[in-house]
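Q: Contents of structure_25.txt (compact mmCIF, C-alpha atoms and all ligand atoms) are below:
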```
# COMPACT_ATOMS: atom_id res chain seq x y z
CA MET G 1 147.25 55.78 40.23
CA THR G 2 149.85 55.31 42.89
CA VAL G 3 149.26 53.30 45.98
CA ARG G 4 151.10 55.14 48.68
CA GLY G 5 153.20 53.59 51.36
CA LEU G 6 151.60 50.19 51.20
CA GLN G 7 154.76 48.52 52.34
CA GLU G 8 156.30 51.17 54.53
CA GLN G 9 157.98 49.59 57.47
CA PRO G 10 159.92 52.18 59.42
CA ARG G 11 162.54 50.48 61.53
CA ALA G 12 163.10 51.28 65.16
CA ALA G 13 166.05 53.54 64.29
CA GLU G 14 163.85 55.65 61.99
CA ALA G 15 161.09 55.78 64.53
CA GLY G 16 163.49 57.05 67.18
CA ALA G 17 164.33 55.81 70.63
CA GLU G 18 161.70 55.01 73.24
CA GLY G 19 159.52 58.09 73.71
CA ALA G 20 161.55 60.17 71.23
CA VAL G 21 158.94 60.34 68.48
CA ASP G 22 156.18 62.87 68.68
CA PRO G 23 153.89 61.77 65.87
CA ARG G 24 151.79 64.91 66.38
CA SER G 25 154.54 66.90 64.74
CA ALA G 26 155.60 64.23 62.26
CA GLY G 27 153.13 65.36 59.60
CA GLY G 28 154.05 69.01 60.01
CA GLY G 29 151.50 71.05 61.93
CA GLY G 30 148.21 70.09 63.51
CA SER G 31 147.45 66.81 65.16
CA ASN G 32 148.21 63.83 62.99
CA ILE G 33 147.34 61.28 65.61
CA PRO G 34 144.83 58.78 64.27
CA ARG G 35 141.67 58.82 66.36
CA HIS G 36 140.99 55.16 65.68
CA VAL G 37 143.62 52.48 65.11
CA ALA G 38 142.76 48.85 64.38
CA ILE G 39 145.21 45.96 64.41
CA ILE G 40 145.20 42.49 62.89
CA MET G 41 147.49 40.81 65.42
CA ASP G 42 149.10 38.17 63.23
CA GLY G 43 152.13 35.94 63.69
CA ASN G 44 151.73 34.42 67.15
CA GLY G 45 152.09 30.88 65.79
CA ARG G 46 155.22 31.67 63.77
CA TRP G 47 156.75 33.50 66.73
CA ALA G 48 156.25 30.39 68.87
CA SER G 49 157.43 27.84 66.34
CA ALA G 50 160.59 29.88 65.65
CA ARG G 51 161.39 29.27 69.32
CA GLY G 52 160.32 25.64 69.42
CA LEU G 53 157.39 26.58 71.66
CA PRO G 54 153.73 25.53 71.46
CA ARG G 55 151.38 27.95 69.64
CA ALA G 56 149.73 28.76 72.99
CA ALA G 57 152.98 30.38 74.11
CA GLY G 58 152.76 32.68 71.07
CA HIS G 59 149.22 33.66 71.98
CA ARG G 60 150.28 34.33 75.59
CA GLN G 61 153.08 36.58 74.40
CA GLY G 62 150.59 38.14 71.96
CA ALA G 63 148.32 39.07 74.84
CA GLU G 64 151.31 40.77 76.52
CA ALA G 65 151.94 42.71 73.31
CA ALA G 66 148.31 43.82 73.30
CA ARG G 67 148.75 45.18 76.81
CA LYS G 68 151.86 47.20 75.85
CA VAL G 69 150.28 48.53 72.68
CA LEU G 70 147.11 49.62 74.48
CA ARG G 71 149.21 51.60 76.94
CA ALA G 72 151.28 53.20 74.17
CA ALA G 73 148.13 54.05 72.19
CA GLY G 74 146.63 55.77 75.22
CA GLU G 75 149.84 57.72 75.81
CA ALA G 76 149.91 58.83 72.17
CA GLY G 77 146.36 60.19 72.38
CA VAL G 78 144.62 57.55 70.25
CA GLU G 79 140.91 57.54 71.14
CA CYS G 80 140.09 54.01 70.13
CA LEU G 81 142.14 50.85 69.61
CA THR G 82 140.35 47.93 67.95
CA LEU G 83 142.06 44.53 68.20
CA TYR G 84 141.15 41.50 66.11
CA ALA G 85 141.40 38.92 68.88
CA PHE G 86 139.21 36.12 67.50
CA SER G 87 137.67 36.02 64.06
CA SER G 88 134.50 34.17 63.14
CA GLU G 89 136.78 31.95 61.01
CA ASN G 90 139.04 31.08 63.96
CA TRP G 91 136.54 28.37 65.03
CA ARG G 92 138.15 26.29 62.25
CA ARG G 93 141.33 25.97 64.31
CA PRO G 94 142.07 22.80 66.29
CA LYS G 95 139.90 22.45 69.40
CA THR G 96 142.95 22.57 71.66
CA GLU G 97 144.06 25.93 70.22
CA ILE G 98 140.54 27.35 70.61
CA ALA G 99 140.53 26.15 74.21
CA ASP G 100 143.92 27.85 74.77
CA LEU G 101 142.58 31.14 73.36
CA MET G 102 139.44 30.92 75.52
CA GLY G 103 141.59 30.19 78.58
CA LEU G 104 143.72 33.21 77.78
CA LEU G 105 140.70 35.43 77.37
CA ARG G 106 139.30 34.22 80.70
CA TYR G 107 142.65 34.78 82.42
CA TYR G 108 143.19 38.24 80.96
CA ILE G 109 139.76 39.58 81.74
CA LYS G 110 140.22 38.45 85.35
CA ALA G 111 143.80 39.65 85.69
CA GLU G 112 143.56 42.90 83.75
CA LEU G 113 140.11 44.30 84.42
CA ASP G 114 141.04 46.25 87.56
CA SER G 115 144.00 47.94 85.92
CA LEU G 116 142.11 48.64 82.69
CA HIS G 117 139.40 50.30 84.74
CA ARG G 118 141.92 52.26 86.82
CA GLU G 119 143.60 53.50 83.66
CA GLY G 120 140.33 54.83 82.24
CA VAL G 121 139.89 52.21 79.52
CA ARG G 122 136.38 51.66 78.20
CA LEU G 123 135.99 48.10 76.95
CA LYS G 124 133.76 47.49 73.99
CA ILE G 125 133.09 44.30 72.05
CA ILE G 126 132.44 44.01 68.35
CA GLY G 127 131.32 40.66 66.94
CA ASP G 128 129.12 38.02 68.49
CA HIS G 129 130.65 37.12 71.84
CA LYS G 130 127.53 35.17 72.82
CA ALA G 131 128.91 32.16 70.95
CA PHE G 132 131.68 31.95 73.55
CA PRO G 133 131.43 29.73 76.65
CA ALA G 134 128.74 31.20 78.92
CA ASP G 135 131.13 32.15 81.74
CA ILE G 136 133.33 34.13 79.32
CA ALA G 137 130.33 35.83 77.71
CA ARG G 138 129.15 36.86 81.18
CA MET G 139 132.60 38.11 82.24
CA ILE G 140 132.84 40.15 79.05
CA GLU G 141 129.43 41.73 79.61
CA GLN G 142 130.30 42.59 83.21
CA ALA G 143 133.62 44.10 82.11
CA VAL G 144 131.88 46.19 79.45
CA GLU G 145 129.33 47.39 81.99
CA ARG G 146 131.95 48.20 84.63
CA THR G 147 134.10 50.27 82.27
CA ALA G 148 131.26 51.95 80.36
CA GLY G 149 131.86 55.34 82.01
CA ASN G 150 135.59 55.50 81.19
CA SER G 151 136.80 57.89 78.55
CA ARG G 152 140.62 57.86 78.30
CA ILE G 153 140.67 55.30 75.50
CA THR G 154 138.24 52.74 74.12
CA LEU G 155 139.55 49.21 73.66
CA ALA G 156 137.28 47.53 71.14
CA MET G 157 137.94 43.78 71.14
CA ALA G 158 136.78 42.02 67.99
CA LEU G 159 135.59 38.67 69.31
CA ASN G 160 133.96 36.12 67.02
CA TYR G 161 133.96 39.00 64.57
CA GLY G 162 133.63 38.91 60.79
CA ALA G 163 132.95 42.00 58.71
CA ARG G 164 130.56 40.27 56.33
CA ALA G 165 128.54 38.89 59.24
CA GLU G 166 128.51 42.37 60.78
CA LEU G 167 127.16 43.85 57.52
CA ALA G 168 124.56 41.08 57.21
CA LYS G 169 123.42 41.80 60.78
CA ALA G 170 123.20 45.53 59.99
CA VAL G 171 121.10 44.80 56.89
CA ARG G 172 118.78 42.55 58.93
CA GLY G 173 118.36 45.34 61.48
CA LEU G 174 117.51 47.91 58.83
CA ALA G 175 115.16 45.47 57.03
CA GLY G 176 113.39 44.84 60.34
CA ARG G 177 112.81 48.58 60.78
CA VAL G 178 111.52 48.85 57.21
CA SER G 179 109.05 46.00 57.71
CA ALA G 180 107.95 47.51 61.03
CA GLY G 181 107.21 50.72 59.14
CA THR G 182 109.69 52.83 61.14
CA LEU G 183 112.22 53.30 58.34
CA ASP G 184 111.61 54.50 54.79
CA PRO G 185 113.77 52.31 52.50
CA GLU G 186 114.45 55.38 50.35
CA ALA G 187 116.06 57.00 53.39
CA ILE G 188 118.71 54.28 53.74
CA GLY G 189 122.06 55.85 53.00
CA GLU G 190 125.62 55.45 54.22
CA ALA G 191 124.85 57.03 57.59
CA GLU G 192 122.06 54.53 58.29
CA ILE G 193 124.35 51.62 57.44
CA GLU G 194 127.17 53.06 59.58
CA GLY G 195 124.72 53.46 62.42
CA ALA G 196 123.70 49.83 62.23
CA LEU G 197 127.26 48.46 62.44
CA ASP G 198 128.89 47.23 65.66
CA THR G 199 131.25 50.19 65.42
CA ALA G 200 128.46 52.80 65.30
CA ASP G 201 129.70 54.66 68.39
CA LEU G 202 133.41 54.58 67.48
CA PRO G 203 135.39 57.29 65.66
CA PRO G 204 136.05 56.71 61.93
CA LEU G 205 138.82 54.20 61.32
CA ASP G 206 142.03 56.07 60.44
CA LEU G 207 144.78 53.47 60.53
CA LEU G 208 144.70 49.72 60.05
CA ILE G 209 147.82 47.76 60.96
CA ARG G 210 148.60 44.13 60.13
CA THR G 211 151.67 42.45 61.51
CA SER G 212 153.71 39.46 60.33
CA GLY G 213 154.13 40.37 56.66
CA GLU G 214 150.67 39.30 55.47
CA GLN G 215 148.87 41.91 53.40
CA ARG G 216 145.14 41.23 53.48
CA LEU G 217 142.13 42.38 55.47
CA SER G 218 140.85 38.89 56.35
CA ASN G 219 137.23 40.00 56.75
CA PHE G 220 138.13 42.72 59.27
CA LEU G 221 136.31 46.09 59.28
CA LEU G 222 135.63 46.00 55.53
CA TRP G 223 133.19 48.90 55.54
CA GLN G 224 135.15 50.95 58.05
CA ALA G 225 138.45 50.54 56.17
CA ALA G 226 137.16 52.39 53.09
CA TYR G 227 139.46 55.38 53.72
CA ALA G 228 141.74 54.00 56.41
CA GLU G 229 145.47 54.13 55.86
CA LEU G 230 146.95 50.62 55.68
CA TYR G 231 150.21 49.78 57.40
CA PHE G 232 151.89 46.42 57.01
CA THR G 233 154.92 45.36 58.97
CA ASP G 234 156.98 42.15 59.04
CA ILE G 235 157.16 42.28 62.84
CA LEU G 236 155.42 39.25 64.36
CA TRP G 237 152.66 40.31 66.73
CA PRO G 238 154.32 39.10 69.97
CA ASP G 239 157.29 41.37 69.15
CA PHE G 240 155.13 44.42 68.37
CA ASP G 241 155.42 46.95 71.19
CA GLY G 242 155.06 50.64 72.02
CA GLU G 243 158.00 51.56 69.83
CA ALA G 244 156.56 49.63 66.88
CA LEU G 245 153.24 51.38 67.38
CA ARG G 246 154.96 54.77 67.41
CA GLY G 247 156.64 53.79 64.13
CA ALA G 248 153.22 53.10 62.62
CA LEU G 249 151.86 56.41 63.99
CA ALA G 250 154.81 58.27 62.48
CA ALA G 251 154.16 56.63 59.09
CA PHE G 252 150.49 57.61 59.38
CA ALA G 253 151.43 61.21 60.15
CA GLY G 254 153.39 61.34 56.92
CA ARG G 255 150.56 60.07 54.72
CA ASP G 256 148.61 62.36 52.40
CA ARG G 257 144.92 61.55 52.92
CA ARG G 258 142.80 62.84 50.08
CA TYR G 259 139.57 60.87 50.46
CA GLY G 260 139.18 60.74 46.68
CA GLY G 261 139.81 64.48 46.23
CA LEU G 262 142.92 66.18 44.89
C1 LIG G 301 147.08 35.34 64.90
O1 LIG G 301 148.27 34.63 64.99
C2 LIG G 301 146.49 35.57 66.20
C3 LIG G 301 145.28 35.08 66.63
C4 LIG G 301 144.41 34.20 65.84
C5 LIG G 301 144.76 35.40 67.94
C6 LIG G 301 145.14 36.73 68.47
C7 LIG G 301 145.16 36.61 69.92
C8 LIG G 301 146.02 37.25 70.72
C9 LIG G 301 147.00 38.26 70.28
C10 LIG G 301 146.02 36.95 72.14
C11 LIG G 301 145.15 37.92 72.86
C12 LIG G 301 143.79 37.49 72.68
C13 LIG G 301 143.01 37.05 73.61
C14 LIG G 301 141.88 36.20 73.15
C15 LIG G 301 143.21 37.36 75.05
P1 LIG G 301 148.34 33.22 64.30
O2 LIG G 301 148.04 32.18 65.30
O3 LIG G 301 147.46 33.20 63.10
O4 LIG G 301 149.85 33.18 63.88
P2 LIG G 301 150.49 32.49 62.61
O5 LIG G 301 149.90 33.16 61.41
O6 LIG G 301 151.95 32.76 62.77
O7 LIG G 301 150.15 31.03 62.70
```
What is this file in structure tokens?
A:
Amino acid sequence: MTVRGLQEQPRAAEAGAEGAVDPRSAGGGGSNIPRHVAIIMDGNGRWASARGLPRAAGHRQGAEAARKVLRAAGEAGVECLTLYAFSSENWRRPKTEIADLMGLLRYYIKAELDSLHREGVRLKIIGDHKAFPADIARMIEQAVERTAGNSRITLAMALNYGARAELAKAVRGLAGRVSAGTLDPEAIGEAEIEGALDTADLPPLDLLIRTSGEQRLSNFLLWQAAYAELYFTDILWPDFDGEALRGALAAFAGRDRRYGGL
């Protein structure tokens, strides 16, 4: 068995100059744009320490990168971009770093919501955001409500998200329906599990990107990644931009997806 393209990292020169790549044609015919792209935004800390800056500066620059990549994803025709912004394991970080991330989240929701809404972005949350400070949880819910009617692109923010916790919650939901007598346990198949996940209303995951040279899933979208193409790049997240995204889309367009068939 060959594992294809696990370490493909097209450089900027291969990906073409700004705006020069049309990933729709990169795979040869038809649309090869992934409907759903998810990103593990890794490397903020290393980006900052390489510059002698505090980790918070890396996260701030990381939030800027997220903004650029969302715009580029929308322009490329991606329907849904899911960003791993805070994992359920991130609570293990020093209190000061958690406070910095919460501050950033607060700031960005306030500063960005109007333009997200104007640009037709629907905000969705996966994970358990209720564990966040009450004011942030409320702001998130209001932002989700305000943008619910938008349809240009969905930005799914994974906040206090862990894939195993998501699966456990889905199982609890299905078990509850079984014990209430509204679900026949024999009828539980893949579709029922999919429908009980936080991502139930999102398109199937096509492309999963991780930056900064690490090559693991870190409890992100474990169910959804079953047939996703994986793309790893050494670029640190704060340096990832529209051009880097187009490089990943071009690599995706060149992949041969067989879903277990020939
Ligand atoms: C991983 O880099 C990044 C995170 C844990 C947080 C991701 C957050 C952002 C990109 C900022 C935008 C998010 C919000 C909440 C507005 P790392 O710190 O693990 O980097 P390292 O591996 O180099 O230490």
Q: Rank nothing, just name the residue among G:Asp256, G:Glu145, G:Glu112, G:Glu75 nearest to ligand LIG 301 (chain G), using only C-alpha atoms and all ligand atoms.
A: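 The shortest atom-to-atom distance to ligand LIG 301 (chain G) comes from G:Glu112.
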Q: Give me the residues of chain G that have any atom at most 6 Å from an atom of ligand LIG 301 (chain G); for each, the nearest atom pair and the distance in Å, rounded to one decimal. Use only C-alpha atoms and all ligand atoms, sort by chain and number, and format it as JSON lines.
A:
```
{"residue": "G:Met41", "atom": "CA", "partner": "G:LIG301", "partner_atom": "C2", "distance": 5.4}
{"residue": "G:Asp42", "atom": "CA", "partner": "G:LIG301", "partner_atom": "C1", "distance": 3.9}
{"residue": "G:Gly43", "atom": "CA", "partner": "G:LIG301", "partner_atom": "O6", "distance": 3.3}
{"residue": "G:Asn44", "atom": "CA", "partner": "G:LIG301", "partner_atom": "O4", "distance": 4.0}
{"residue": "G:Gly45", "atom": "CA", "partner": "G:LIG301", "partner_atom": "O6", "distance": 3.6}
{"residue": "G:Arg46", "atom": "CA", "partner": "G:LIG301", "partner_atom": "O6", "distance": 3.6}
{"residue": "G:His59", "atom": "CA", "partner": "G:LIG301", "partner_atom": "C10", "distance": 4.6}
{"residue": "G:Gly62", "atom": "CA", "partner": "G:LIG301", "partner_atom": "C9", "distance": 4.0}
{"residue": "G:Ala63", "atom": "CA", "partner": "G:LIG301", "partner_atom": "C11", "distance": 3.9}
{"residue": "G:Ala85", "atom": "CA", "partner": "G:LIG301", "partner_atom": "C6", "distance": 4.4}
{"residue": "G:Phe86", "atom": "CA", "partner": "G:LIG301", "partner_atom": "C5", "distance": 5.6}
{"residue": "G:Leu101", "atom": "CA", "partner": "G:LIG301", "partner_atom": "C14", "distance": 5.1}
{"residue": "G:Leu104", "atom": "CA", "partner": "G:LIG301", "partner_atom": "C15", "distance": 5.0}
{"residue": "G:Leu105", "atom": "CA", "partner": "G:LIG301", "partner_atom": "C15", "distance": 3.9}
{"residue": "G:Tyr108", "atom": "CA", "partner": "G:LIG301", "partner_atom": "C15", "distance": 6.0}
```
Q: Would you pick out the contacts of region 162-167 of chain G at 8 Å or less, using all atoms listed in the file, so that residues sharing its chain but fewer than 2 positions from it are not included, and give the list as a list of chain:residue names?
A: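 Once the nearby chain positions are removed, what remains is G:Ser87, G:Ser88, G:Glu89, G:Gly127, G:Asn160, G:Lys169, G:Ala170, G:Val171, G:Leu197, G:Asp198, G:Asn219, G:Phe220, G:Leu221, G:Leu222, G:Trp223.
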Q: Let me make sure I understand: among G:Arg67, G:Val144, G:Gln61, G:Ile188, which one has the smallest atom-to-atom distance to Trp47 (chain G) if we use all atoms listed in the file?
A: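 Distance minimum relative to Trp47 (chain G) lands on G:Gln61.
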Q: Which residues are near Lys130 (chain G)? Cut-off 12 Å, only C-alpha atoms, ignore same chain within fewer than 6 positions. Put them as number ranges by chain.
A: G: 88, 136-141, 159-161
Q: Would you mind reading off the distance between CA of Leu236 (chain G) and CA of Asp114 (chain G), one decimal, in Å?
A: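 Answer for the CA of Leu236 (chain G) to CA of Asp114 (chain G) separation: 28.2 Å.
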Q: Rounded to one decimal place, report the CA of Lys124 (chain G)-CA of Arg210 (chain G) distance in Å.
A: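 Calculated distance between CA of Lys124 (chain G) and CA of Arg210 (chain G) is 20.6 Å.
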Q: Please produce region 206-233 of chain G, completed to N, CA and C atoms, as a PDB file, in the coordinates of the input.
A:
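Heads up, here's the output in selection21.pdb:
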```
ATOM      1  N   ASP G 206     140.984  55.307  61.126  1.00  0.00           N
ATOM      2  CA  ASP G 206     142.030  56.070  60.440  1.00  0.00           C
ATOM      3  C   ASP G 206     143.174  55.188  59.971  1.00  0.00           C
ATOM      4  N   LEU G 207     143.566  54.234  60.798  1.00  0.00           N
ATOM      5  CA  LEU G 207     144.780  53.470  60.530  1.00  0.00           C
ATOM      6  C   LEU G 207     144.544  51.996  60.837  1.00  0.00           C
ATOM      7  N   LEU G 208     144.845  51.161  59.853  1.00  0.00           N
ATOM      8  CA  LEU G 208     144.700  49.720  60.050  1.00  0.00           C
ATOM      9  C   LEU G 208     146.062  49.059  59.883  1.00  0.00           C
ATOM     10  N   ILE G 209     146.497  48.379  60.928  1.00  0.00           N
ATOM     11  CA  ILE G 209     147.820  47.760  60.960  1.00  0.00           C
ATOM     12  C   ILE G 209     147.673  46.246  60.868  1.00  0.00           C
ATOM     13  N   ARG G 210     148.513  45.602  60.073  1.00  0.00           N
ATOM     14  CA  ARG G 210     148.600  44.130  60.130  1.00  0.00           C
ATOM     15  C   ARG G 210     150.060  43.749  60.295  1.00  0.00           C
ATOM     16  N   THR G 211     150.299  42.894  61.245  1.00  0.00           N
ATOM     17  CA  THR G 211     151.670  42.450  61.510  1.00  0.00           C
ATOM     18  C   THR G 211     151.963  41.153  60.762  1.00  0.00           C
ATOM     19  N   SER G 212     153.203  40.770  60.773  1.00  0.00           N
ATOM     20  CA  SER G 212     153.710  39.460  60.330  1.00  0.00           C
ATOM     21  C   SER G 212     153.890  39.312  58.829  1.00  0.00           C
ATOM     22  N   GLY G 213     153.820  40.432  58.089  1.00  0.00           N
ATOM     23  CA  GLY G 213     154.130  40.370  56.660  1.00  0.00           C
ATOM     24  C   GLY G 213     152.966  40.021  55.759  1.00  0.00           C
ATOM     25  N   GLU G 214     151.833  39.597  56.331  1.00  0.00           N
ATOM     26  CA  GLU G 214     150.670  39.300  55.470  1.00  0.00           C
ATOM     27  C   GLU G 214     150.019  40.623  55.084  1.00  0.00           C
ATOM     28  N   GLN G 215     149.465  40.657  53.873  1.00  0.00           N
ATOM     29  CA  GLN G 215     148.870  41.910  53.400  1.00  0.00           C
ATOM     30  C   GLN G 215     147.450  41.671  52.893  1.00  0.00           C
ATOM     31  N   ARG G 216     146.564  41.348  53.828  1.00  0.00           N
ATOM     32  CA  ARG G 216     145.140  41.230  53.480  1.00  0.00           C
ATOM     33  C   ARG G 216     144.312  41.677  54.674  1.00  0.00           C
ATOM     34  N   LEU G 217     143.010  41.893  54.402  1.00  0.00           N
ATOM     35  CA  LEU G 217     142.130  42.380  55.470  1.00  0.00           C
ATOM     36  C   LEU G 217     141.449  41.250  56.231  1.00  0.00           C
ATOM     37  N   SER G 218     141.407  40.048  55.644  1.00  0.00           N
ATOM     38  CA  SER G 218     140.850  38.890  56.350  1.00  0.00           C
ATOM     39  C   SER G 218     139.508  39.185  57.018  1.00  0.00           C
ATOM     40  N   ASN G 219     138.609  39.810  56.260  1.00  0.00           N
ATOM     41  CA  ASN G 219     137.230  40.000  56.750  1.00  0.00           C
ATOM     42  C   ASN G 219     137.166  40.880  58.010  1.00  0.00           C
ATOM     43  N   PHE G 220     138.090  41.833  58.100  1.00  0.00           N
ATOM     44  CA  PHE G 220     138.130  42.720  59.270  1.00  0.00           C
ATOM     45  C   PHE G 220     137.719  44.137  58.846  1.00  0.00           C
ATOM     46  N   LEU G 221     136.705  44.684  59.437  1.00  0.00           N
ATOM     47  CA  LEU G 221     136.310  46.090  59.280  1.00  0.00           C
ATOM     48  C   LEU G 221     136.265  46.525  57.802  1.00  0.00           C
ATOM     49  N   LEU G 222     135.610  45.723  56.971  1.00  0.00           N
ATOM     50  CA  LEU G 222     135.630  46.000  55.530  1.00  0.00           C
ATOM     51  C   LEU G 222     134.978  47.328  55.184  1.00  0.00           C
ATOM     52  N   TRP G 223     133.859  47.625  55.799  1.00  0.00           N
ATOM     53  CA  TRP G 223     133.190  48.900  55.540  1.00  0.00           C
ATOM     54  C   TRP G 223     134.024  50.050  56.091  1.00  0.00           C
ATOM     55  N   GLN G 224     134.466  49.872  57.330  1.00  0.00           N
ATOM     56  CA  GLN G 224     135.150  50.950  58.050  1.00  0.00           C
ATOM     57  C   GLN G 224     136.505  51.287  57.435  1.00  0.00           C
ATOM     58  N   ALA G 225     137.098  50.330  56.716  1.00  0.00           N
ATOM     59  CA  ALA G 225     138.450  50.540  56.170  1.00  0.00           C
ATOM     60  C   ALA G 225     138.446  51.322  54.861  1.00  0.00           C
ATOM     61  N   ALA G 226     137.262  51.760  54.420  1.00  0.00           N
ATOM     62  CA  ALA G 226     137.160  52.390  53.090  1.00  0.00           C
ATOM     63  C   ALA G 226     138.226  53.471  52.866  1.00  0.00           C
ATOM     64  N   TYR G 227     138.451  54.320  53.874  1.00  0.00           N
ATOM     65  CA  TYR G 227     139.460  55.380  53.720  1.00  0.00           C
ATOM     66  C   TYR G 227     140.552  55.304  54.777  1.00  0.00           C
ATOM     67  N   ALA G 228     140.679  54.153  55.414  1.00  0.00           N
ATOM     68  CA  ALA G 228     141.740  54.000  56.410  1.00  0.00           C
ATOM     69  C   ALA G 228     143.089  53.891  55.700  1.00  0.00           C
ATOM     70  N   GLU G 229     144.121  54.375  56.345  1.00  0.00           N
ATOM     71  CA  GLU G 229     145.470  54.130  55.860  1.00  0.00           C
ATOM     72  C   GLU G 229     145.861  52.711  56.285  1.00  0.00           C
ATOM     73  N   LEU G 230     146.537  52.001  55.377  1.00  0.00           N
ATOM     74  CA  LEU G 230     146.950  50.620  55.680  1.00  0.00           C
ATOM     75  C   LEU G 230     148.441  50.605  55.981  1.00  0.00           C
ATOM     76  N   TYR G 231     148.798  49.856  56.999  1.00  0.00           N
ATOM     77  CA  TYR G 231     150.210  49.780  57.400  1.00  0.00           C
ATOM     78  C   TYR G 231     150.552  48.320  57.659  1.00  0.00           C
ATOM     79  N   PHE G 232     151.478  47.817  56.869  1.00  0.00           N
ATOM     80  CA  PHE G 232     151.890  46.420  57.010  1.00  0.00           C
ATOM     81  C   PHE G 232     153.330  46.368  57.509  1.00  0.00           C
ATOM     82  N   THR G 233     153.557  45.512  58.460  1.00  0.00           N
ATOM     83  CA  THR G 233     154.920  45.360  58.970  1.00  0.00           C
ATOM     84  C   THR G 233     155.263  43.870  59.081  1.00  0.00           C
TER      85      THR G 233
END
```
